[in-house]
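In what follows, a structure is listed as structure tokens, so that the remarks can point back to it.
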Amino acid sequence: MYVCKTAAMDGPNFTAPPPYPEPPAVDAFLSAVDHAMNSNTLLLTAACDVPVTAGNRQDVLHAFLRSALFEQLVRAADRCRGWYNLADEYDDRPRQRPLLHADFRATMSPLDHAGFLARLRWMLCEAFSPYRHHYPAKEAEPLVRAFDRELLGAHGPAWSFAAISPDFLRSTGYYSGEEEPLKPVYFDGGDSDTVTFIHRDRTFHMLLTNGSP
């Protein structure tokens with residue numbers, strides 16, 4: 001198990017299980033988003049030692065992003081999904097550390113369960129698809145429902161949801177025209193950069209996409 005204590009004595013602490021292959025329904029949805037959006041889709045799961053609520057989740061999120069555990073999990077997810085974009089070296093050059101972008105805000109916008117499901121459908125059916133790999137609704141719906149059921153169990157509406165501004169990992173510069181961004185990078189600066197935060201009691205998930213041409 002991964003364990004991380006925050007620098008602040010009174011801050012939350014985080015734990016997470018070691019990386020393992022995603023359950024079939026989760027892997028199928030993540031792979032479908034990869035295909036539709038041309039994304040390197042990642043899913044992170046962790047636990048906090050205090051309940052995550054609508055009142056404290058912004059602070060919990062910021063503490064998690066600044067923790068060593070966040071970098072461990074995002075790098076592990078990158079390896080487990082076979083991307084290796086966040087590996088220790090890039091084109092034989094050492095990578096910059098940490099992964100976290102300076103001066104991030106990672107602000108939250110609340111979602112309900114219906115809005116969360118609509119966001120998942122959007123990824124498969126409506127988000128920019130540079131290679132025209134949108135899924136028909138009749139194919140997307142089973143993927144969305146199975147992912148929701150596998151991740152959240154039978155009581156999806158009991159979880160809480162939020163969209164997060166994707167400004168906490170460095171960008172490729174694809175849309176900004178930046179010529180030599182510090183690597184490793186994840187986001188691209190376009191509308192297909194998304195982060196979704198899902199929490200219940202002490203458990204939370206983060207779903208990240210970065211689709212681009």
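Simple scheme: letters A, B, ... for chains in structure tokens order, numbers from 1 for residues in each chain, numbers from 1 for ligands in the order shown.
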
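Using only C-alpha atoms, the residues found no farther than 10 Å from segment 79-82 of chain A, other than those of its own chain fewer than 2 positions away, are A:Pro19, A:Tyr20, A:Pro21, A:Glu22, A:Asp27, A:Leu30, A:Ser31, A:Asn40, A:Thr41, A:Leu42, A:Leu43, A:Leu73, A:Val74, A:Arg75, A:Ala76, A:Ala77, A:Tyr84, A:Asn85, A:Leu86, A:Ala87.
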
With C-alpha atoms retained, could you export that selection as a compact mmCIF listing (two decimals), in the first residue's frame?
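The resulting selection.txt:
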```txt
# COMPACT_ATOMS: atom_id res chain seq x y z
CA PRO A 19 -1.26 -0.51 -8.82
CA TYR A 20 -3.09 -3.43 -10.35
CA PRO A 21 -4.91 -4.05 -13.64
CA GLU A 22 -8.24 -2.24 -13.87
CA ASP A 27 -10.53 -0.80 -18.54
CA LEU A 30 -10.87 4.03 -20.29
CA SER A 31 -9.76 2.36 -23.52
CA ASN A 40 -4.02 9.06 -22.53
CA THR A 41 -6.80 8.48 -20.02
CA LEU A 42 -5.84 7.89 -16.37
CA LEU A 43 -7.83 6.87 -13.30
CA LEU A 73 -0.18 7.28 -8.54
CA VAL A 74 -0.21 9.27 -11.76
CA ARG A 75 3.11 7.77 -12.84
CA ALA A 76 1.92 4.27 -11.90
CA ALA A 77 -1.31 4.75 -13.87
CA TYR A 84 5.11 5.63 -20.40
CA ASN A 85 4.71 9.34 -21.14
CA LEU A 86 5.64 10.19 -17.56
CA ALA A 87 8.64 7.85 -17.37
```

Please list as number ranges by chain every residue within 6 Å of Phe204 of chain A, counting only C-alpha atoms and excluding residues in the same chain fewer than 3 positions away. A: 45-46, 198-199

Residue list (strand (DSSP E or B), DSSP) for segment 8-211 of chain A, as a ChimeraX atom specification: /A:13-16,42-48,89-90,93-94,100,108-111,160-164,169,171,187,193-200,203-210

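Closest approach to Pro12 of chain A among A:Gly173, A:Pro24, A:Pro130, A:Pro51 is made by A:Pro51 (distances from only C-alpha atoms).
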
Between atom CA of Asp49 of chain A and atom CA of Ser67 of chain A, measure the distance and give it in Å to one decimal. 13.8 Å

Using only C-alpha atoms, which of A:Tyr131, A:Phe187, A:Phe197, A:Phe147 sits nearest Arg170 of chain A? A:Phe187

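Nearest to His101 of chain A of all the residues A:Met37, A:Ala118, A:Val26, A:Leu65 is A:Leu65, counting only C-alpha atoms.
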